[in-house]
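Next up, model-v9.txt (compact mmCIF, C-alpha atoms and all ligand atoms):
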```
# COMPACT_ATOMS: atom_id res chain seq x y z
CA MET A 40 13.68 -160.08 11.39
CA ASP A 41 10.77 -157.88 12.43
CA LEU A 42 10.31 -158.61 16.12
CA ASN A 43 6.86 -157.04 16.37
CA LEU A 44 4.13 -159.66 16.28
CA THR A 45 1.69 -159.57 13.37
CA PRO A 46 -2.00 -160.22 14.17
CA ASP A 47 -1.51 -163.84 13.00
CA GLU A 48 1.49 -164.30 15.25
CA GLN A 49 -0.39 -162.80 18.18
CA GLN A 50 -3.19 -165.25 17.52
CA PHE A 51 -0.67 -168.12 17.43
CA ARG A 52 0.83 -166.94 20.73
CA ASP A 53 -2.56 -166.55 22.39
CA GLU A 54 -3.70 -169.96 21.19
CA PHE A 55 -0.57 -171.71 22.51
CA ARG A 56 -0.61 -169.71 25.75
CA ALA A 57 -4.23 -170.70 26.40
CA TRP A 58 -3.46 -174.34 25.56
CA LEU A 59 -0.49 -174.36 27.94
CA ALA A 60 -2.53 -172.80 30.74
CA GLU A 61 -4.89 -175.75 30.50
CA HIS A 62 -2.43 -178.59 29.87
CA VAL A 63 0.99 -177.96 31.40
CA PHE A 64 1.89 -180.16 34.38
CA PRO A 65 5.12 -180.76 36.33
CA ALA A 66 7.07 -183.74 34.99
CA LYS A 67 10.34 -185.21 36.22
CA THR A 68 10.39 -188.98 35.76
CA VAL A 69 10.83 -190.64 32.37
CA GLU A 70 7.18 -191.71 32.37
CA GLU A 71 5.95 -188.21 33.29
CA LEU A 72 8.18 -186.60 30.67
CA LYS A 73 6.95 -189.04 28.02
CA ARG A 74 3.37 -188.18 29.04
CA TRP A 75 4.18 -184.48 28.66
CA GLN A 76 5.51 -185.00 25.13
CA ARG A 77 2.46 -187.11 24.27
CA THR A 78 0.21 -184.32 25.59
CA LEU A 79 1.97 -181.81 23.32
CA PHE A 80 1.67 -184.23 20.40
CA GLU A 81 -2.04 -184.80 20.94
CA GLY A 82 -2.56 -181.06 21.10
CA GLY A 83 -0.68 -180.68 17.78
CA TRP A 84 2.25 -178.93 19.46
CA ALA A 85 5.10 -181.44 19.02
CA GLY A 86 7.72 -180.79 16.33
CA ILE A 87 5.98 -177.61 15.20
CA SER A 88 8.83 -176.75 12.81
CA TRP A 89 8.40 -180.02 10.92
CA PRO A 90 6.48 -179.86 7.64
CA LYS A 91 2.74 -180.55 7.95
CA GLU A 92 2.98 -183.66 5.76
CA PHE A 93 5.18 -185.27 8.43
CA GLY A 94 2.94 -184.39 11.36
CA GLY A 95 4.42 -181.00 12.24
CA ARG A 96 2.77 -177.61 11.91
CA GLY A 97 5.05 -176.16 9.27
CA ALA A 98 5.47 -173.31 11.75
CA THR A 99 7.16 -170.14 10.57
CA LEU A 100 10.43 -169.20 12.19
CA MET A 101 8.75 -166.47 14.21
CA GLN A 102 6.18 -168.98 15.44
CA GLN A 103 9.02 -171.27 16.56
CA ALA A 104 10.56 -168.43 18.54
CA ILE A 105 7.17 -167.62 20.10
CA PHE A 106 6.67 -171.31 20.91
CA GLN A 107 9.95 -171.51 22.85
CA GLU A 108 9.24 -168.32 24.75
CA GLU A 109 5.77 -169.47 25.75
CA LEU A 110 7.13 -172.81 26.97
CA ALA A 111 9.61 -170.91 29.13
CA LEU A 112 6.96 -168.52 30.47
CA ALA A 113 4.67 -171.44 31.36
CA ASP A 114 7.48 -173.20 33.22
CA ALA A 115 6.89 -176.23 30.99
CA PRO A 116 8.98 -179.41 31.41
CA HIS A 117 11.73 -180.14 28.90
CA LEU A 118 11.20 -182.57 26.03
CA ILE A 119 12.53 -186.05 26.69
CA GLY A 120 12.48 -186.91 23.00
CA THR A 121 14.74 -184.00 22.16
CA ILE A 122 17.30 -186.03 20.14
CA GLY A 123 14.54 -187.43 17.96
CA LEU A 124 12.78 -184.09 17.60
CA SER A 125 15.76 -181.84 16.97
CA LEU A 126 18.32 -184.11 15.34
CA VAL A 127 17.08 -187.48 14.06
CA GLY A 128 13.64 -186.41 12.78
CA PRO A 129 14.91 -183.47 10.65
CA THR A 130 17.69 -185.72 9.26
CA ILE A 131 15.20 -188.47 8.32
CA ILE A 132 12.97 -185.81 6.72
CA ALA A 133 15.97 -184.54 4.71
CA MET A 134 17.56 -187.87 3.75
CA GLY A 135 15.23 -190.77 4.59
CA THR A 136 13.40 -193.09 2.21
CA PRO A 137 9.58 -192.83 2.05
CA GLU A 138 9.41 -196.06 4.13
CA GLN A 139 11.73 -194.64 6.79
CA LYS A 140 9.69 -191.44 6.99
CA ALA A 141 6.46 -193.42 7.33
CA ARG A 142 7.89 -195.70 10.01
CA TYR A 143 9.91 -193.42 12.28
CA LEU A 144 8.60 -189.86 12.28
CA ALA A 145 5.26 -190.19 14.09
CA PRO A 146 6.63 -192.09 17.15
CA ILE A 147 9.38 -189.44 17.44
CA LEU A 148 6.76 -186.71 17.64
CA SER A 149 4.61 -188.53 20.18
CA GLY A 150 7.59 -189.48 22.38
CA GLU A 151 6.60 -193.13 22.03
CA GLU A 152 10.08 -194.00 20.76
CA ILE A 153 13.16 -192.37 22.26
CA TRP A 154 16.26 -191.95 20.13
CA CYS A 155 19.92 -191.67 20.99
CA GLN A 156 22.89 -190.53 18.93
CA GLY A 157 25.72 -193.08 18.61
CA PHE A 158 28.50 -190.93 17.18
CA SER A 159 31.34 -190.53 19.75
CA GLU A 160 33.79 -193.33 20.53
CA PRO A 161 36.65 -193.59 23.03
CA ASN A 162 39.08 -192.62 20.22
CA ALA A 163 36.79 -190.45 18.11
CA GLY A 164 35.18 -187.37 19.66
CA SER A 165 36.24 -184.06 18.12
CA ASP A 166 37.86 -186.05 15.34
CA LEU A 167 34.64 -187.95 14.69
CA ALA A 168 35.70 -189.19 11.25
CA SER A 169 38.29 -191.44 12.94
CA LEU A 170 35.49 -193.65 14.26
CA GLY A 171 36.21 -197.37 14.34
CA ALA A 172 32.89 -199.17 15.00
CA LYS A 173 32.46 -201.30 11.92
CA ALA A 174 29.68 -202.84 9.88
CA ILE A 175 30.33 -205.65 7.44
CA ARG A 176 27.77 -206.63 4.81
CA ASP A 177 26.32 -210.14 5.15
CA GLY A 178 23.46 -210.76 2.69
CA ASP A 179 20.66 -208.30 3.42
CA ASP A 180 22.18 -207.27 6.76
CA PHE A 181 25.13 -205.41 8.13
CA ILE A 182 26.87 -206.99 11.10
CA VAL A 183 27.93 -204.29 13.54
CA ASN A 184 30.76 -204.54 16.07
CA GLY A 185 32.36 -201.84 18.18
CA GLN A 186 31.84 -199.38 21.00
CA LYS A 187 30.26 -195.97 21.40
CA ILE A 188 30.60 -193.69 24.41
CA TRP A 189 28.87 -190.65 25.98
CA THR A 190 25.64 -191.80 24.32
CA SER A 191 22.93 -189.70 26.00
CA PHE A 192 19.53 -191.40 26.52
CA ALA A 193 20.87 -194.85 25.44
CA GLN A 194 19.67 -196.22 28.79
CA ILE A 195 16.08 -195.47 27.78
CA GLY A 196 16.63 -195.43 24.01
CA ASP A 197 14.53 -197.45 21.59
CA TRP A 198 16.53 -196.46 18.51
CA CYS A 199 20.00 -195.17 17.74
CA LEU A 200 21.32 -193.00 14.91
CA LEU A 201 24.58 -194.88 14.57
CA LEU A 202 27.75 -194.06 12.63
CA VAL A 203 29.85 -197.02 11.53
CA ARG A 204 32.76 -197.64 9.19
CA THR A 205 31.83 -199.68 6.13
CA ASP A 206 34.81 -199.03 3.86
CA PHE A 207 38.25 -199.64 5.32
CA GLU A 208 40.35 -198.59 2.33
CA SER A 209 39.03 -195.10 1.46
CA PRO A 210 40.04 -191.86 3.24
CA LYS A 211 38.39 -191.71 6.67
CA HIS A 212 35.52 -189.32 5.76
CA LYS A 213 34.53 -191.50 2.81
CA GLY A 214 34.00 -194.90 4.41
CA ILE A 215 31.29 -194.06 6.96
CA THR A 216 27.64 -195.15 6.90
CA CYS A 217 24.74 -193.98 9.06
CA LEU A 218 22.37 -196.69 10.34
CA LEU A 219 19.03 -196.58 12.14
CA VAL A 220 19.52 -199.26 14.79
CA ASP A 221 16.93 -200.89 17.04
CA MET A 222 18.38 -200.60 20.56
CA HIS A 223 16.49 -203.73 21.58
CA SER A 224 18.43 -205.87 19.06
CA PRO A 225 20.40 -208.86 20.39
CA GLY A 226 24.09 -208.03 20.91
CA ILE A 227 23.66 -204.47 22.27
CA SER A 228 24.62 -203.75 25.85
CA VAL A 229 24.38 -200.38 27.57
CA ARG A 230 26.48 -199.38 30.56
CA PRO A 231 25.51 -196.08 32.22
CA LEU A 232 28.28 -193.62 33.12
CA ARG A 233 27.80 -191.42 36.16
CA MET A 234 28.60 -187.73 35.72
CA MET A 235 29.84 -185.52 38.56
CA SER A 236 26.32 -184.01 38.70
CA GLY A 237 25.08 -187.43 39.87
CA ASP A 238 23.21 -188.05 36.62
CA ALA A 239 23.71 -191.24 34.69
CA GLY A 240 22.27 -189.70 31.54
CA PHE A 241 24.94 -190.93 29.18
CA ASN A 242 26.39 -194.35 28.54
CA GLU A 243 28.89 -196.70 27.01
CA VAL A 244 27.21 -198.83 24.33
CA PHE A 245 28.73 -202.08 23.10
CA PHE A 246 27.77 -203.76 19.81
CA THR A 247 28.60 -207.44 19.35
CA ASP A 248 27.56 -209.03 16.04
CA VAL A 249 24.42 -206.89 15.89
CA ARG A 250 22.42 -207.55 12.71
CA VAL A 251 21.02 -204.43 11.05
CA PRO A 252 19.04 -204.78 7.79
CA VAL A 253 20.51 -202.80 4.87
CA THR A 254 17.14 -201.03 4.55
CA GLN A 255 18.15 -199.21 7.77
CA VAL A 256 20.84 -197.13 6.06
CA LEU A 257 20.01 -193.42 6.33
CA GLY A 258 21.40 -191.66 3.26
CA LYS A 259 23.84 -193.70 1.18
CA VAL A 260 26.33 -196.43 2.06
CA ASN A 261 29.81 -194.90 2.60
CA GLU A 262 28.31 -191.40 2.44
CA GLY A 263 27.34 -191.29 6.11
CA TRP A 264 29.57 -188.27 6.72
CA THR A 265 27.05 -186.12 4.83
CA THR A 266 24.25 -187.57 6.96
CA ALA A 267 26.29 -186.93 10.12
CA ILE A 268 26.94 -183.29 9.21
CA THR A 269 23.22 -182.75 8.49
CA ALA A 270 22.43 -184.22 11.92
CA LEU A 271 25.10 -182.15 13.72
CA MET A 272 24.01 -178.89 12.07
CA ASN A 273 20.44 -179.60 13.13
CA GLU A 274 21.63 -180.41 16.64
CA ARG A 275 23.54 -177.14 16.99
CA ALA A 276 20.76 -175.07 15.45
CA ASN A 277 18.00 -176.59 17.56
CA LEU A 278 19.72 -177.08 20.90
CA GLY A 279 20.10 -173.31 21.37
CA THR A 280 16.36 -172.79 21.10
CA GLY A 281 15.59 -175.72 23.41
CA VAL A 282 17.99 -174.82 26.22
CA GLN A 283 16.53 -171.33 26.45
CA VAL A 284 13.46 -172.78 28.17
CA ILE A 285 15.61 -174.32 30.88
CA PHE A 286 17.86 -171.26 31.26
CA ARG A 287 14.99 -168.81 31.55
CA ARG A 288 13.23 -170.89 34.19
CA ASN A 289 16.50 -171.21 36.08
CA LEU A 290 17.19 -167.45 36.01
CA HIS A 291 13.67 -166.58 37.16
CA ALA A 292 14.15 -168.95 40.11
CA LEU A 293 17.52 -167.35 40.93
CA ILE A 294 16.05 -163.83 40.87
CA ALA A 295 13.22 -164.99 43.17
CA ARG A 296 15.76 -166.62 45.51
CA SER A 297 17.87 -163.45 45.64
CA HIS A 298 14.98 -161.75 47.48
CA THR A 299 14.82 -164.38 50.21
CA ILE A 300 18.43 -165.34 50.79
CA GLU A 301 20.31 -162.96 53.10
CA ARG A 302 23.71 -161.29 52.86
CA ASN A 303 24.83 -159.15 55.76
CA GLY A 304 21.33 -159.20 57.24
CA LYS A 305 19.64 -157.95 54.06
CA PRO A 306 18.12 -159.72 51.05
CA ALA A 307 20.89 -160.54 48.55
CA SER A 308 18.95 -158.62 45.90
CA ALA A 309 19.66 -155.39 47.83
CA ASP A 310 23.41 -155.85 47.30
CA PRO A 311 24.56 -153.73 44.32
CA ILE A 312 27.07 -156.36 43.13
CA VAL A 313 24.40 -159.07 43.17
CA ARG A 314 22.00 -156.79 41.28
CA GLN A 315 24.64 -156.09 38.63
CA LYS A 316 25.41 -159.78 38.21
CA LEU A 317 21.73 -160.68 37.89
CA ALA A 318 21.22 -157.88 35.38
CA GLN A 319 24.22 -159.19 33.41
CA ALA A 320 22.78 -162.73 33.42
CA TYR A 321 19.43 -161.37 32.24
CA LEU A 322 21.10 -159.37 29.46
CA GLU A 323 23.03 -162.39 28.26
CA LEU A 324 19.87 -164.46 28.12
CA GLU A 325 18.20 -161.73 26.07
CA ILE A 326 21.20 -161.72 23.72
CA LEU A 327 20.77 -165.48 23.33
CA ARG A 328 17.07 -165.01 22.53
CA MET A 329 17.77 -162.35 19.91
CA ASN A 330 20.66 -164.24 18.35
CA THR A 331 18.40 -167.28 18.12
CA ASN A 332 15.91 -165.19 16.19
CA ARG A 333 18.74 -164.00 13.96
CA ALA A 334 19.87 -167.58 13.34
CA LEU A 335 16.26 -168.48 12.51
CA THR A 336 16.20 -165.67 9.97
CA SER A 337 19.36 -167.01 8.34
CA LEU A 338 17.84 -170.48 8.35
CA SER A 339 14.76 -169.12 6.58
CA ARG A 340 16.99 -167.87 3.74
CA THR A 341 18.99 -171.04 3.16
CA GLY A 342 16.49 -173.70 4.31
CA VAL A 343 19.18 -175.70 6.13
CA PRO A 344 21.07 -174.89 9.30
CA GLY A 345 24.58 -173.62 8.61
CA PRO A 346 27.86 -173.31 10.50
CA GLU A 347 26.48 -170.16 12.21
CA GLY A 348 24.87 -172.63 14.63
CA SER A 349 28.36 -172.89 16.13
CA THR A 350 28.16 -169.24 17.24
CA GLN A 351 25.03 -170.03 19.21
CA LYS A 352 26.41 -173.24 20.68
CA LEU A 353 29.58 -171.49 21.82
CA TYR A 354 27.60 -168.59 23.28
CA TRP A 355 24.95 -170.47 25.26
CA SER A 356 27.34 -173.05 26.67
CA GLU A 357 29.76 -170.44 28.03
CA MET A 358 26.89 -168.16 29.09
CA ASN A 359 25.31 -170.89 31.18
CA GLN A 360 28.59 -171.54 32.97
CA ARG A 361 28.82 -167.81 33.83
CA THR A 362 25.22 -167.75 35.09
CA GLN A 363 25.72 -170.85 37.23
CA GLN A 364 28.84 -169.25 38.70
CA THR A 365 26.73 -166.19 39.60
CA ALA A 366 24.12 -168.45 41.20
CA GLN A 367 26.77 -170.05 43.41
CA GLU A 368 28.13 -166.64 44.41
CA ILE A 369 24.65 -165.40 45.38
CA LEU A 370 23.54 -168.53 47.19
CA GLY A 371 26.78 -169.17 49.08
CA PRO A 372 26.92 -172.54 50.86
CA TYR A 373 23.19 -173.15 50.12
CA GLY A 374 24.08 -173.50 46.44
CA GLN A 375 26.04 -176.63 47.22
CA LEU A 376 23.27 -178.44 49.10
CA SER A 377 21.47 -181.30 47.41
CA ASP A 378 18.33 -180.70 49.50
CA PHE A 379 18.09 -176.91 48.97
CA ASP A 380 15.56 -176.10 46.22
CA GLY A 381 15.63 -179.78 45.32
CA GLY A 382 19.38 -179.59 44.64
CA ILE A 383 18.81 -177.60 41.43
CA TRP A 384 21.69 -175.14 42.02
CA GLN A 385 24.27 -177.77 42.81
CA TYR A 386 23.08 -179.86 39.86
CA SER A 387 22.96 -176.97 37.38
CA TYR A 388 26.45 -175.77 38.30
CA LEU A 389 27.99 -179.21 37.86
CA ARG A 390 25.98 -180.08 34.74
CA ALA A 391 26.98 -176.79 33.04
CA ARG A 392 30.59 -178.00 32.78
CA GLY A 393 29.49 -180.52 30.14
CA ASN A 394 27.87 -177.77 28.03
CA THR A 395 31.19 -176.73 26.52
CA ILE A 396 31.98 -180.35 25.58
CA GLU A 397 28.69 -181.84 24.31
CA ALA A 398 27.62 -181.25 20.70
CA GLY A 399 31.21 -180.24 19.91
CA THR A 400 33.69 -178.56 22.27
CA SER A 401 34.24 -174.80 22.39
CA GLU A 402 37.61 -175.20 20.66
CA ILE A 403 35.95 -177.07 17.80
CA GLN A 404 33.17 -174.45 17.51
CA ARG A 405 35.83 -171.71 17.34
CA ASN A 406 37.62 -173.62 14.59
CA ILE A 407 34.36 -173.94 12.63
CA ILE A 408 33.59 -170.23 13.06
CA ALA A 409 37.15 -169.27 12.04
CA GLU A 410 37.27 -171.49 8.98
CA ARG A 411 33.70 -171.77 7.75
CA VAL A 412 32.09 -168.52 8.86
CA LEU A 413 35.04 -166.11 8.73
CA GLY A 414 36.89 -167.89 5.91
CA LEU A 415 40.23 -167.90 7.77
CA PRO A 416 42.86 -170.45 6.71
CA LYS A 417 42.88 -173.88 8.36
CA SER A 418 44.85 -174.22 11.59
CA TYR A 419 47.93 -176.41 11.48
C1 LIG B 501 26.90 -184.21 28.58
C2 LIG B 501 27.41 -184.84 27.32
C3 LIG B 501 26.54 -185.51 26.48
C4 LIG B 501 27.00 -186.12 25.31
N1 LIG B 501 26.12 -186.81 24.54
C5 LIG B 501 26.56 -187.45 23.42
C6 LIG B 501 25.66 -188.25 22.63
O1 LIG B 501 24.47 -188.37 22.94
N2 LIG B 501 26.16 -188.90 21.55
C7 LIG B 501 27.46 -188.79 21.16
O2 LIG B 501 27.84 -189.38 20.15
N3 LIG B 501 28.35 -188.05 21.90
C8 LIG B 501 27.93 -187.39 23.02
N4 LIG B 501 28.83 -186.64 23.78
C9 LIG B 501 30.23 -186.66 23.41
C10 LIG B 501 30.75 -185.35 22.85
O3 LIG B 501 30.27 -185.12 21.56
C11 LIG B 501 32.29 -185.43 22.89
O4 LIG B 501 32.69 -185.53 24.25
C12 LIG B 501 32.94 -184.23 22.24
O5 LIG B 501 32.72 -184.23 20.86
C13 LIG B 501 34.47 -184.18 22.52
O6 LIG B 501 35.08 -185.40 22.19
P1 LIG B 501 36.06 -186.12 23.25
O7 LIG B 501 35.34 -186.22 24.56
O8 LIG B 501 36.54 -187.37 22.61
O9 LIG B 501 37.27 -185.12 23.47
P2 LIG B 501 38.53 -184.91 22.49
O10 LIG B 501 38.06 -184.83 21.09
O11 LIG B 501 39.55 -185.94 22.83
O12 LIG B 501 39.03 -183.48 22.94
C14 LIG B 501 39.85 -183.28 24.11
C15 LIG B 501 40.24 -181.80 24.15
O13 LIG B 501 41.02 -181.46 22.99
C16 LIG B 501 40.44 -180.36 22.29
N5 LIG B 501 40.62 -180.53 20.85
C17 LIG B 501 40.39 -181.67 20.13
N6 LIG B 501 40.62 -181.44 18.82
C18 LIG B 501 41.00 -180.14 18.70
C19 LIG B 501 41.35 -179.29 17.59
N7 LIG B 501 41.36 -179.76 16.34
N8 LIG B 501 41.64 -178.00 17.85
C20 LIG B 501 41.62 -177.51 19.12
N9 LIG B 501 41.29 -178.27 20.21
C21 LIG B 501 40.98 -179.56 20.00
C22 LIG B 501 38.97 -180.41 22.67
O14 LIG B 501 38.37 -179.15 22.51
C23 LIG B 501 39.03 -180.86 24.12
O15 LIG B 501 39.28 -179.76 24.96
C24 LIG B 501 28.38 -186.03 24.96
C25 LIG B 501 29.26 -185.33 25.79
C26 LIG B 501 28.80 -184.74 26.96
C27 LIG B 501 29.77 -184.00 27.84
```

Give the structure from this file in structure tokens form.
Ligand SMILES: Cc1cc2nc3c(=O)[nH]c(=O)nc-3n(C[C@H](O)[C@H](O)[C@H](O)COP(=O)(O)OP(=O)(O)OC[C@H]3O[C@@H](n4cnc5c(N)ncnc54)[C@H](O)[C@@H]3O)c2cc1C
Amino acid sequence: MDLNLTPDEQQFRDEFRAWLAEHVFPAKTVEELKRWQRTLFEGGWAGISWPKEFGGRGATLMQQAIFQEELALADAPHLIGTIGLSLVGPTIIAMGTPEQKARYLAPILSGEEIWCQGFSEPNAGSDLASLGAKAIRDGDDFIVNGQKIWTSFAQIGDWCLLLVRTDFESPKHKGITCLLVDMHSPGISVRPLRMMSGDAGFNEVFFTDVRVPVTQVLGKVNEGWTTAITALMNERANLGTGVQVIFRRNLHALIARSHTIERNGKPASADPIVRQKLAQAYLELEILRMNTNRALTSLSRTGVPGPEGSTQKLYWSEMNQRTQQTAQEILGPYGQLSDFDGGIWQYSYLRARGNTIEAGTSEIQRNIIAERVLGLPKSY
């Protein structure tokens, strides 16, 4: 990838930078974050990688990289509809019926409808194909029963991309179906789970005799594994670009803090060890940025995200844990306070632990890289 901007790319950057300067605002609550996504949508800046016919911009890969960098530079809030934008939307575009595309894509872009991903179960995480939530055909509906767990955004979710078992005889990968489920349907109950960071951002979700019309199947009945893999590849490919915005903002704040917090009567930033650690964190973030551009280049060749997304997922999740460790070392006891800098350091340190579990654990990413990228034999 040529990293120098062409005149067109410079124009794209300048246009978005000027738009951000006028429109960006701080957003924290669900309502504020929804308003931020709506603002992006109205400005034509939501889902820029999506094809134009589905409301995106058909942005080139370089434009997507520029877009993320400008969001980070402008200190823009994160996108609350991230599961819809990065995972569900691209999967509906790839596998949905014309009716599904017409119904679901626009509200994903505008943030009007929030999606969650109902894949994991108490006995099916890494080994997702062992899932046991079931759907049994009854006329024009499926009747869904079972439990999901760790479902992020289910507490505010309008829709769920749900994996269920529909064939109980076939090998486990062959009897799965993917459904688009209205989270407001009778028979669904959501129980938030509190993480050690204090967040209750993920949930247990229980399905009791929930009726889902057969028109809500995404992909084909009993071929939901293919749909799930498409969704997971999109998740891994897109998450890396999205988290950069948060990481960059976080590192800038840490560098600024290192000038004001004292060690041995001097600003921490004067300490050579602190300087080296900050430089290391900066370098690692730059590596993430460049590897993201490299992954985008590979995506441009094949058109679909590949297992290389696992390299990025593994890298950013472990990188963020290292950076948060550095933050705690620099800030000392202040880093543990919930009322210092709004508790961001304490929160970020604790939340980073989940990074190496969500969207597939580090061990699973290493297995994928070994087998599917390096072509090594399967582990036993
Ligand atoms: C913050 C957060 C948000 C999440 N959001 C969602 C969501 O929105 N929707 C959703 O469906 N899920 C979500 N998850 C769940 C996540 O996908 C699972 O936790 C993850 O896939 C691991 O599954 P598990 O927890 O069942 O652990 P297990 O699969 O039981 O793994 C336990 C340990 O064994 C290791 N292990 C398992 N199999 C192997 C193997 N073959 N080789 C080597 N090691 C192995 C794992 O790496 C791990 O260390 C979220 C998780 C977190 C932490």

Could you pull out the residues sitting within 10 Å of ligand LIG 501 (chain B), using all atoms listed in the file, and write them as a ChimeraX atom specification? /A:122,154-167,187-193,199-202,234,238-243,271,390-407,418-419

Quick one: which segment 149-191 of chain A residues come within 10 Å of segment 70-81 of chain A, and what is the nearest atom pair for each with the distance in Å to one decimal, counting only C-alpha atoms, rows ordered by chain and ascending number, as a Markdown table?
```
| residue | atom | partner | partner_atom | distance |
| --- | --- | --- | --- | --- |
| A:Ser149 | CA | A:Arg77 | CA | 4.8 |
| A:Gly150 | CA | A:Gln76 | CA | 5.7 |
| A:Glu151 | CA | A:Lys73 | CA | 7.3 |
| A:Glu152 | CA | A:Lys73 | CA | 9.3 |
| A:Ile153 | CA | A:Lys73 | CA | 9.1 |
```

Near Tyr321 of chain A, counting all atoms listed in the file, which residues have an atom at most 10 Å away, once you skip same-chain residues fewer than 5 positions from it, shown as a tab-separated table (two decimals) with C-alpha atoms, in the coordinates of the input?
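New file selection_16.tsv:
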```tsv
chain	number	residue	atom	x	y	z
A	287	ARG	CA	14.99	-168.81	31.55
A	290	LEU	CA	17.19	-167.45	36.01
A	291	HIS	CA	13.67	-166.58	37.16
A	294	ILE	CA	16.05	-163.83	40.87
A	315	GLN	CA	24.64	-156.09	38.63
A	316	LYS	CA	25.41	-159.78	38.21
A	326	ILE	CA	21.20	-161.72	23.72
A	327	LEU	CA	20.77	-165.48	23.33
A	362	THR	CA	25.22	-167.75	35.09
```

So which residues touch segment 94-104 of chain A within 10 Å, counting all atoms listed in the file, skipping near sequence neighbours fewer than 3 positions away, as a PyMOL selection string? chain A and resi 40-45+47-49+51-52+80+83-91+107-109+144-145+148-149+280+328-329+331-339

Counting only C-alpha atoms, which residues in segment 248-345 of chain A sit no more than 10 Å from segment 375-388 of chain A? For each one, give the nearest pair of atoms and the distance in Å, sorted by chain then residue number, as a Markdown table.
```
| residue | atom | partner | partner_atom | distance |
| --- | --- | --- | --- | --- |
| A:Phe286 | CA | A:Ser387 | CA | 9.8 |
| A:Asn289 | CA | A:Ile383 | CA | 8.6 |
| A:Ala292 | CA | A:Asp380 | CA | 9.5 |
| A:Leu293 | CA | A:Trp384 | CA | 8.9 |
| A:Arg296 | CA | A:Asp380 | CA | 9.5 |
```

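Of the residues under consideration (A:His117, A:Gln139, A:Ala309, A:Ala66), A:Gln139 shows the shortest atom-to-atom contact distance to Phe93 of chain A when counting only C-alpha atoms.
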
Tell me, as a ChimeraX atom specification, which residues lie within 7 Å of Val256 of chain A, counting all atoms listed in the file; anything in the same chain fewer than 5 positions away does not count. /A:217-219

Between atom CA of Arg142 of chain A and atom CA of Glu262 of chain A - distance in Å to one decimal: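 Going from atom CA of Glu262 of chain A over to atom CA of Arg142 of chain A covers 22.2 Å.
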
Using Å and a single decimal, report how far atom CA of Leu124 of chain A sits from atom CA of Thr350 of chain A. 21.4 Å

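Here atom CA of Leu353 of chain A is placed at a distance of 13.5 Å from atom CA of Leu324 of chain A.
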
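Using all atoms listed in the file, the nearest neighbour of Leu257 of chain A within the list A:Gly135, A:Gly123, A:Gly226, A:Pro231 is A:Gly135.
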
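Closest approach to Val253 of chain A among A:Arg361, A:His298, A:Arg176, A:His62 is made by A:Arg176 (distances from only C-alpha atoms).
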
Which residues, written as a list in words, have at least one atom at most 7 Å from His212 of chain A, with only C-alpha atoms counted and residues fewer than 2 positions away on the same chain left out? Ala168, Pro210, Gly214, Ile215 and Trp264 of chain A

Find the spatial neighbours of Pro225 of chain A, counting all atoms listed in the file, within a cut-off of 10 Å - ignore same-chain residues fewer than 4 positions away - and output them as a list in words.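 The contact residues come out as Asp221, Phe246, Thr247, Asp248, Val249 and Arg250 of chain A.
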